[in-house]
$ cat protein-v4.pdb   # PDB, C-alpha atoms and all ligand atoms
ATOM      1  CA  MET A 430     207.698 206.261 -39.951
ATOM      2  CA  VAL A 431     207.030 203.136 -42.021
ATOM      3  CA  GLU A 432     204.120 202.197 -39.725
ATOM      4  CA  VAL A 433     202.633 205.675 -39.982
ATOM      5  CA  ILE A 434     202.723 205.565 -43.778
ATOM      6  CA  ALA A 435     201.311 202.020 -43.795
ATOM      7  CA  ARG A 436     198.458 203.111 -41.501
ATOM      8  CA  ALA A 437     197.727 206.022 -43.813
ATOM      9  CA  ALA A 438     197.722 203.710 -46.842
ATOM     10  CA  ASN A 439     195.092 201.535 -45.168
ATOM     11  CA  GLN A 440     192.896 204.577 -44.742
ATOM     12  CA  GLY A 441     192.926 205.271 -48.477
ATOM     13  CA  THR A 442     195.233 206.316 -51.247
ATOM     14  CA  ALA A 443     194.342 209.997 -50.965
ATOM     15  CA  LEU A 444     195.626 210.072 -47.399
ATOM     16  CA  ALA A 445     198.750 208.086 -48.249
ATOM     17  CA  ALA A 446     199.504 210.501 -51.071
ATOM     18  CA  ARG A 447     199.386 213.337 -48.552
ATOM     19  CA  TYR A 448     202.731 212.099 -47.215
ATOM     20  CA  ASP A 449     204.430 211.872 -50.593
ATOM     21  CA  ARG A 450     203.586 215.218 -52.115
ATOM     22  CA  PRO A 451     205.780 218.282 -51.665
ATOM     23  CA  MET A 452     204.802 220.727 -48.912
ATOM     24  CA  PRO A 453     203.081 223.853 -50.325
ATOM     25  CA  PRO A 454     204.421 226.892 -48.495
ATOM     26  CA  LEU A 455     202.455 229.156 -46.147
ATOM     27  CA  HIS A 456     203.642 232.768 -46.076
ATOM     28  CA  PHE A 457     202.972 235.286 -43.303
ATOM     29  CA  PRO A 458     204.131 238.894 -42.816
ATOM     30  CA  ARG A 459     204.236 238.377 -39.017
ATOM     31  CA  VAL A 460     204.198 235.549 -36.468
ATOM     32  CA  GLN A 461     200.658 234.261 -35.900
ATOM     33  CA  PHE A 462     198.976 234.207 -32.477
ATOM     34  CA  PHE A 463     197.831 230.593 -32.883
ATOM     35  CA  GLY A 464     198.027 227.980 -30.113
ATOM     36  CA  ARG A 465     197.600 224.368 -29.060
ATOM     37  CA  THR A 466     195.805 222.472 -26.290
ATOM     38  CA  TRP A 467     197.241 220.435 -23.414
ATOM     39  CA  GLN A 468     196.573 217.195 -25.344
ATOM     40  CA  GLU A 469     198.392 218.571 -28.386
ATOM     41  CA  TYR A 470     201.373 219.548 -26.200
ATOM     42  CA  GLU A 471     201.462 215.974 -24.831
ATOM     43  CA  GLN A 472     201.692 214.659 -28.392
ATOM     44  CA  ILE A 473     204.188 217.304 -29.521
ATOM     45  CA  TRP A 474     206.633 216.590 -26.717
ATOM     46  CA  ASN A 475     205.810 212.915 -26.312
ATOM     47  CA  LEU A 476     205.667 213.569 -22.579
ATOM     48  CA  ARG A 477     203.161 212.621 -19.882
ATOM     49  CA  LEU A 478     202.726 216.185 -18.777
ATOM     50  CA  ASP A 479     201.389 215.131 -15.366
ATOM     51  CA  ASP A 480     204.952 213.887 -14.757
ATOM     52  CA  LEU A 481     205.940 217.568 -14.617
ATOM     53  CA  HIS A 482     204.577 217.908 -11.068
ATOM     54  CA  GLY A 483     207.329 219.228  -8.810
ATOM     55  CA  THR A 484     209.215 220.916 -11.670
ATOM     56  CA  ARG A 485     209.270 224.532 -12.908
ATOM     57  CA  VAL A 486     208.458 224.812 -16.603
ATOM     58  CA  LEU A 487     208.711 227.655 -19.138
ATOM     59  CA  ASP A 488     206.523 227.770 -22.261
ATOM     60  CA  CYS A 489     208.305 230.119 -24.692
ATOM     61  CA  PRO A 490     206.563 231.262 -26.737
ATOM     62  CA  CYS A 491     203.289 230.563 -25.001
ATOM     63  CA  GLY A 492     201.083 232.263 -27.602
ATOM     64  CA  PRO A 493     197.412 231.354 -27.160
ATOM     65  CA  ALA A 494     198.269 227.781 -26.081
ATOM     66  CA  SER A 495     196.292 226.552 -23.046
ATOM     67  CA  PHE A 496     199.318 224.790 -21.540
ATOM     68  CA  VAL A 497     199.956 227.314 -18.738
ATOM     69  CA  SER A 498     196.313 227.490 -17.685
ATOM     70  CA  GLU A 499     195.676 223.756 -17.807
ATOM     71  CA  GLY A 500     198.982 222.965 -16.117
ATOM     72  CA  ARG A 501     198.365 225.462 -13.305
ATOM     73  CA  LYS A 502     194.940 223.874 -12.687
ATOM     74  CA  ARG A 503     196.783 220.575 -12.257
ATOM     75  CA  GLY A 504     199.133 222.195  -9.735
ATOM     76  CA  ILE A 505     202.179 222.401 -12.031
ATOM     77  CA  ASP A 506     204.412 225.498 -11.826
ATOM     78  CA  ILE A 507     204.329 226.745 -15.440
ATOM     79  CA  VAL A 508     205.247 230.224 -16.708
ATOM     80  CA  GLY A 509     204.350 231.347 -20.231
ATOM     81  CA  CYS A 510     206.084 234.204 -22.026
ATOM     82  CA  ASP A 511     205.292 235.945 -25.286
ATOM     83  CA  PRO A 512     205.909 239.455 -26.671
ATOM     84  CA  LEU A 513     202.156 239.827 -27.264
ATOM     85  CA  PHE A 514     201.496 239.582 -23.528
ATOM     86  CA  ALA A 515     202.077 243.347 -23.507
ATOM     87  CA  LEU A 516     198.633 243.673 -25.157
ATOM     88  CA  SER A 517     195.277 244.116 -23.438
ATOM     89  CA  ILE A 518     192.918 241.156 -23.167
ATOM     90  CA  GLU A 519     190.651 242.737 -25.809
ATOM     91  CA  LYS A 520     193.512 243.097 -28.299
ATOM     92  CA  LEU A 521     194.728 239.557 -27.615
ATOM     93  CA  ARG A 522     191.209 238.208 -28.215
ATOM     94  CA  ALA A 523     190.854 240.151 -31.480
ATOM     95  CA  GLN A 524     194.254 239.029 -32.742
ATOM     96  CA  GLY A 525     193.726 235.405 -31.659
ATOM     97  CA  GLU A 526     190.332 235.166 -33.352
ATOM     98  CA  ALA A 527     191.530 236.828 -36.557
ATOM     99  CA  ASP A 528     194.643 234.630 -36.741
ATOM    100  CA  ILE A 529     192.627 231.425 -36.256
ATOM    101  CA  VAL A 530     190.333 232.377 -39.170
ATOM    102  CA  ASP A 531     193.286 233.313 -41.420
ATOM    103  CA  CYS A 532     195.466 230.317 -40.512
ATOM    104  CA  ILE A 533     192.701 227.732 -40.834
ATOM    105  CA  GLN A 534     191.653 229.178 -44.193
ATOM    106  CA  LEU A 535     195.255 229.140 -45.460
ATOM    107  CA  ILE A 536     195.898 225.634 -44.134
ATOM    108  CA  ARG A 537     192.684 224.363 -45.782
ATOM    109  CA  THR A 538     193.549 225.829 -49.168
ATOM    110  CA  GLU A 539     197.363 225.591 -49.216
ATOM    111  CA  ASN A 540     198.498 222.838 -46.899
ATOM    112  CA  PRO A 541     195.785 220.602 -45.352
ATOM    113  CA  ARG A 542     198.347 218.077 -44.090
ATOM    114  CA  LEU A 543     199.313 220.488 -41.297
ATOM    115  CA  ALA A 544     195.860 219.887 -39.761
ATOM    116  CA  GLY A 545     196.518 216.136 -39.424
ATOM    117  CA  ASP A 546     193.789 213.613 -40.259
ATOM    118  CA  ASP A 547     190.883 215.559 -38.761
ATOM    119  CA  PRO A 548     190.835 219.238 -39.840
ATOM    120  CA  GLU A 549     187.565 220.014 -38.008
ATOM    121  CA  THR A 550     188.975 218.837 -34.676
ATOM    122  CA  TYR A 551     192.206 220.681 -35.431
ATOM    123  CA  ALA A 552     190.356 223.982 -35.937
ATOM    124  CA  HIS A 553     188.109 223.361 -32.907
ATOM    125  CA  ASP A 554     191.155 222.707 -30.690
ATOM    126  CA  LYS A 555     192.675 226.077 -31.637
ATOM    127  CA  ARG A 556     189.517 227.860 -30.432
ATOM    128  CA  LEU A 557     189.475 225.824 -27.211
ATOM    129  CA  ALA A 558     193.111 226.746 -26.546
ATOM    130  CA  LEU A 559     192.513 230.468 -27.218
ATOM    131  CA  ASP A 560     189.415 230.601 -24.954
ATOM    132  CA  GLU A 561     191.267 228.820 -22.131
ATOM    133  CA  LEU A 562     194.284 231.156 -22.425
ATOM    134  CA  LEU A 563     192.128 234.296 -22.474
ATOM    135  CA  ASP A 564     190.052 233.200 -19.487
ATOM    136  CA  ASP A 565     193.180 232.527 -17.418
ATOM    137  CA  PHE A 566     195.035 235.597 -18.729
ATOM    138  CA  SER A 567     192.119 237.868 -17.728
ATOM    139  CA  LYS A 568     192.572 236.712 -14.106
ATOM    140  CA  HIS A 569     196.301 236.071 -13.843
ATOM    141  CA  GLY A 570     197.811 238.199 -16.623
ATOM    142  CA  PRO A 571     199.718 241.443 -15.901
ATOM    143  CA  ALA A 572     196.471 243.477 -15.605
ATOM    144  CA  GLY A 573     194.399 240.744 -13.939
ATOM    145  CA  PRO A 574     193.059 240.867 -10.364
ATOM    146  CA  GLU A 575     195.093 237.777  -9.383
ATOM    147  CA  CYS A 576     198.299 238.582 -11.305
ATOM    148  CA  ASP A 577     200.970 236.080 -10.230
ATOM    149  CA  SER A 578     203.632 236.372 -12.976
ATOM    150  CA  ARG A 579     202.558 233.203 -14.743
ATOM    151  CA  TYR A 580     202.255 235.291 -17.954
ATOM    152  CA  VAL A 581     205.322 237.361 -18.808
ATOM    153  CA  ASN A 582     205.832 239.830 -21.649
ATOM    154  CA  ALA A 583     209.170 238.689 -23.115
ATOM    155  CA  ALA A 584     210.781 237.876 -26.461
ATOM    156  CA  LEU A 585     213.632 235.649 -27.515
ATOM    157  CA  PRO A 586     216.552 235.858 -27.573
ATOM    158  CA  VAL A 587     216.792 237.846 -24.285
ATOM    159  CA  LEU A 588     214.609 236.387 -21.537
ATOM    160  CA  PRO A 589     214.054 238.161 -18.177
ATOM    161  CA  PHE A 590     214.665 235.062 -16.041
ATOM    162  CA  ALA A 591     217.586 233.978 -13.858
ATOM    163  CA  ASP A 592     220.125 231.400 -15.043
ATOM    164  CA  ARG A 593     218.777 227.797 -14.758
ATOM    165  CA  SER A 594     215.608 229.032 -13.057
ATOM    166  CA  PHE A 595     213.490 226.445 -14.942
ATOM    167  CA  ASP A 596     213.824 222.671 -15.043
ATOM    168  CA  LEU A 597     212.391 222.578 -18.569
ATOM    169  CA  ALA A 598     211.783 225.142 -21.328
ATOM    170  CA  LEU A 599     209.422 224.174 -24.177
ATOM    171  CA  SER A 600     209.444 226.093 -27.454
ATOM    172  CA  ALA A 601     206.883 225.092 -30.097
ATOM    173  CA  HIS A 602     205.853 226.526 -33.449
ATOM    174  CA  PHE A 603     208.092 229.563 -33.451
ATOM    175  CA  LEU A 604     211.730 228.548 -34.029
ATOM    176  CA  PHE A 605     212.237 226.907 -37.451
ATOM    177  CA  THR A 606     208.543 227.500 -38.305
ATOM    178  CA  TYR A 607     209.022 231.298 -38.643
ATOM    179  CA  ALA A 608     212.398 231.178 -40.361
ATOM    180  CA  PRO A 609     212.402 233.171 -43.620
ATOM    181  CA  VAL A 610     210.341 231.636 -46.433
ATOM    182  CA  GLU A 611     213.486 231.139 -48.528
ATOM    183  CA  ASP A 612     214.947 229.099 -45.632
ATOM    184  CA  ALA A 613     211.930 226.736 -45.447
ATOM    185  CA  GLY A 614     209.996 228.768 -42.864
ATOM    186  CA  MET A 615     206.803 230.841 -43.082
ATOM    187  CA  LEU A 616     207.941 234.431 -42.478
ATOM    188  CA  GLU A 617     208.206 236.861 -45.377
ATOM    189  CA  THR A 618     211.028 238.803 -43.647
ATOM    190  CA  ARG A 619     214.503 237.656 -42.552
ATOM    191  CA  GLU A 620     213.984 238.630 -38.884
ATOM    192  CA  PHE A 621     214.401 235.072 -37.588
ATOM    193  CA  ASP A 622     217.395 233.852 -39.600
ATOM    194  CA  LEU A 623     219.975 231.269 -38.517
ATOM    195  CA  ALA A 624     221.927 233.804 -36.424
ATOM    196  CA  PHE A 625     218.695 234.597 -34.537
ATOM    197  CA  HIS A 626     218.064 230.871 -33.971
ATOM    198  CA  LEU A 627     221.506 230.422 -32.418
ATOM    199  CA  ARG A 628     220.999 233.427 -30.105
ATOM    200  CA  ALA A 629     217.459 232.308 -29.222
ATOM    201  CA  THR A 630     218.473 228.762 -28.326
ATOM    202  CA  SER A 631     221.371 230.140 -26.226
ATOM    203  CA  GLY A 632     218.771 232.315 -24.457
ATOM    204  CA  LEU A 633     216.560 229.315 -23.707
ATOM    205  CA  ALA A 634     219.554 227.219 -22.640
ATOM    206  CA  ARG A 635     220.662 229.907 -20.197
ATOM    207  CA  VAL A 636     217.397 229.827 -18.219
ATOM    208  CA  ALA A 637     216.612 226.070 -18.214
ATOM    209  CA  ARG A 638     218.261 222.751 -17.384
ATOM    210  CA  GLU A 639     216.562 221.115 -20.367
ATOM    211  CA  ILE A 640     215.120 222.654 -23.521
ATOM    212  CA  ARG A 641     212.841 221.158 -26.175
ATOM    213  CA  LEU A 642     212.187 222.653 -29.620
ATOM    214  CA  TYR A 643     209.444 221.617 -32.072
ATOM    215  CA  PRO A 644     208.972 221.197 -35.004
ATOM    216  CA  CYS A 645     212.306 220.687 -36.773
ATOM    217  CA  TYR A 646     211.004 220.030 -40.284
ATOM    218  CA  GLY A 647     211.226 222.523 -43.101
ATOM    219  CA  LEU A 648     208.265 223.869 -45.069
ATOM    220  CA  ASP A 649     210.019 223.292 -48.349
ATOM    221  CA  PRO A 650     207.690 223.391 -51.369
ATOM    222  CA  THR A 651     209.745 220.811 -53.265
ATOM    223  CA  ARG A 652     210.113 217.988 -50.699
ATOM    224  CA  PRO A 653     209.587 216.979 -47.058
ATOM    225  CA  MET A 654     212.855 217.689 -45.239
ATOM    226  CA  ARG A 655     214.577 218.366 -41.948
ATOM    227  CA  HIS A 656     214.693 222.128 -41.393
ATOM    228  CA  PRO A 657     217.913 223.574 -42.873
ATOM    229  CA  TYR A 658     218.779 225.219 -39.503
ATOM    230  CA  ALA A 659     218.089 222.125 -37.341
ATOM    231  CA  ASP A 660     221.497 220.419 -37.549
ATOM    232  CA  ALA A 661     223.248 223.761 -36.975
ATOM    233  CA  VAL A 662     221.127 224.410 -33.877
ATOM    234  CA  LEU A 663     221.798 220.892 -32.566
ATOM    235  CA  GLU A 664     225.559 221.355 -33.084
ATOM    236  CA  HIS A 665     225.403 224.810 -31.481
ATOM    237  CA  LEU A 666     223.764 223.372 -28.350
ATOM    238  CA  ARG A 667     226.446 220.672 -28.192
ATOM    239  CA  SER A 668     229.176 223.285 -28.662
ATOM    240  CA  ILE A 669     228.013 225.199 -25.573
ATOM    241  CA  GLY A 670     228.212 222.003 -23.514
ATOM    242  CA  MET A 671     224.705 220.521 -23.711
ATOM    243  CA  THR A 672     223.780 216.965 -24.601
ATOM    244  CA  ALA A 673     221.472 217.303 -27.606
ATOM    245  CA  ARG A 674     219.494 214.843 -29.730
ATOM    246  CA  TYR A 675     216.478 214.501 -32.016
ATOM    247  CA  GLU A 676     213.474 212.802 -30.427
ATOM    248  CA  PRO A 677     210.377 211.531 -32.338
ATOM    249  CA  SER A 678     207.135 213.414 -31.820
ATOM    250  CA  THR A 679     203.671 211.844 -31.969
ATOM    251  CA  TYR A 680     201.899 215.078 -33.061
ATOM    252  CA  ASP A 681     200.472 214.530 -36.573
ATOM    253  CA  GLN A 682     201.257 217.366 -38.966
ATOM    254  CA  GLY A 683     201.556 215.079 -41.967
ATOM    255  CA  VAL A 684     205.361 214.987 -42.028
ATOM    256  CA  PRO A 685     206.136 211.624 -40.386
ATOM    257  CA  GLN A 686     209.610 211.323 -41.930
ATOM    258  CA  TRP A 687     210.853 214.473 -40.192
ATOM    259  CA  ASN A 688     208.572 214.655 -37.178
ATOM    260  CA  PHE A 689     211.092 215.278 -34.386
ATOM    261  CA  SER A 690     211.802 217.673 -31.567
ATOM    262  CA  ILE A 691     215.275 218.711 -30.448
ATOM    263  CA  VAL A 692     215.903 217.816 -26.792
ATOM    264  CA  ALA A 693     218.982 219.332 -25.105
ATOM    265  CA  SER A 694     220.047 219.233 -21.466
ATOM    266  CA  TRP A 695     222.955 220.374 -19.315
TER     267      TRP A 695
HETATM  268  C1  LIG B   1     202.291 230.135 -33.379
HETATM  269  S1  LIG B   1     202.487 230.784 -31.754
HETATM  270  C2  LIG B   1     203.028 229.332 -30.890
HETATM  271  C3  LIG B   1     202.311 229.125 -29.582
HETATM  272  C4  LIG B   1     202.543 227.808 -28.867
HETATM  273  N1  LIG B   1     203.918 227.595 -28.494
HETATM  274  C5  LIG B   1     202.032 226.633 -29.670
HETATM  275  O1  LIG B   1     202.806 225.794 -30.127
HETATM  276  O2  LIG B   1     200.818 226.537 -29.840
HETATM  277  C6  LIG B   1     203.980 231.747 -31.978
HETATM  278  C7  LIG B   1     204.156 232.843 -30.957
HETATM  279  O3  LIG B   1     205.488 233.367 -31.054
HETATM  280  C8  LIG B   1     205.440 234.668 -30.542
HETATM  281  N2  LIG B   1     206.684 235.417 -30.866
HETATM  282  C9  LIG B   1     206.908 236.302 -31.855
HETATM  283  N3  LIG B   1     208.179 236.777 -31.791
HETATM  284  C10 LIG B   1     208.758 236.162 -30.725
HETATM  285  C11 LIG B   1     210.056 236.243 -30.117
HETATM  286  N4  LIG B   1     211.044 237.016 -30.616
HETATM  287  N5  LIG B   1     210.295 235.476 -29.025
HETATM  288  C12 LIG B   1     209.341 234.674 -28.522
HETATM  289  N6  LIG B   1     208.097 234.563 -29.058
HETATM  290  C13 LIG B   1     207.815 235.294 -30.142
HETATM  291  C14 LIG B   1     204.176 235.241 -31.151
HETATM  292  O4  LIG B   1     203.716 236.380 -30.457
HETATM  293  C15 LIG B   1     203.218 234.041 -31.098
HETATM  294  O5  LIG B   1     202.351 234.115 -30.012
END

$ encode --input "protein-v4.pdb" --output "structure tokens" --more "lines below"
Ligand SMILES: C[S@@+](CC[C@H](N)C(=O)[O-])C[C@H]1O[C@@H](n2cnc3c(N)ncnc32)[C@H](O)[C@@H]1O
Amino acid sequence: MVEVIARAANQGTALAARYDRPMPPLHFPRVQFFGRTWQEYEQIWNLRLDDLHGTRVLDCPCGPASFVSEGRKRGIDIVGCDPLFALSIEKLRAQGEADIVDCIQLIRTENPRLAGDDPETYAHDKRLALDELLDDFSKHGPAGPECDSRYVNAALPVLPFADRSFDLALSAHFLFTYAPVEDAGMLETREFDLAFHLRATSGLARVAREIRLYPCYGLDPTRPMRHPYADAVLEHLRSIGMTARYEPSTYDQGVPQWNFSIVASW
């Protein structure tokens, strides 16, 4: 953390100040269909994703991330699930494009630190990820000519997969992020409260030998902080018999002090 702040200071005081100011909140009435690229997933999880060859991986929620498509091209057995995978390709495209415009605009005006040091590249990567997902989904999604169950319509906490059927389940930018606004998340409703988080992480833990959750920081307008549910989730995973820990992430969202994922395994 100290090195990250020192690096930022060398790049100018404006950037260094970005790390010290409180985090302005972003509010949404529903979860956004907004996704990351393969390279961003490598940074988020601090994993060499090519090391996943020979394993079965779940991306939940997948959203418009390109992880499934890019991983499948590399020969890795990845399944992505999301409740929006019930939609047609046209509706997914419309929602993905609208959510990119809205999110980027809100991030620019309310909370530029979430776009890291290079907002243009950040926005560009979201479009790349959406295009890659849609291209693959049109072929291999539920209505595609080469449907192969790599895209599954499913929602936490109840997943339609057998016990321990995945070696690894990754869950980014849904848990913690879409907690209620008053609990340092972005959602205007209380749909994804702490009780939901405990059920959802039990659901992920049932289907995978290892689970990873990111991010674990809170979007608190008064100060950078660990998410108020994170310790409770970590303790919950330990209480059901998993080994659980925080692990540093290298994905830059301007919160170096609290930039961790939760990693839990049986
Ligand atoms: C911001 S995207 C995250 C995509 C990807 N994991 C990433 O980090 O780029 C959040 C996704 O959560 C999905 N979602 C909403 N409710 C959900 C639920 N109950 N269980 C699983 N996913 C859900 C949304 O449809 C949306 O696509």

$ resolve_selection --input "protein-v4.pdb" --expression "the PyMOL selection byres (((not hetatm)) within 8 of (chain B and resi 1))" --output "PyMOL selection string"
chain A and resi 459-466+470+488-494+510-514+583-586+599-603+621+629

$ residues_around --input "protein-v4.pdb" --residues "Ser594 in chain A" --least-positions-apart "4" --cutoff "10 Å" --atoms "all atoms listed in the file" --output "list in words"
Arg485, Val486, Leu487, Phe590, Ala598, Arg635, Val636, Ala637 and Arg638 of chain A

$ resolve_selection --input "protein-v4.pdb" --expression "the PyMOL selection byres (((chain A and resi 496-507) around 7) and not hetatm)" --output "PyMOL selection string"
chain A and resi 466-467+481-487+494-495+508-509+561-562+565+579

$ residues_around --input "protein-v4.pdb" --residues "Arg619 in chain A" --least-positions-apart "6" --cutoff "12 Å" --atoms "only C-alpha atoms" --output "count of residues only"
12

$ resolve_selection --input "protein-v4.pdb" --expression "the PyMOL selection byres (((chain A and resi 535) around 12) and not hetatm)" --output "PyMOL selection string"
chain A and resi 453-457+528-534+536-544+552+615
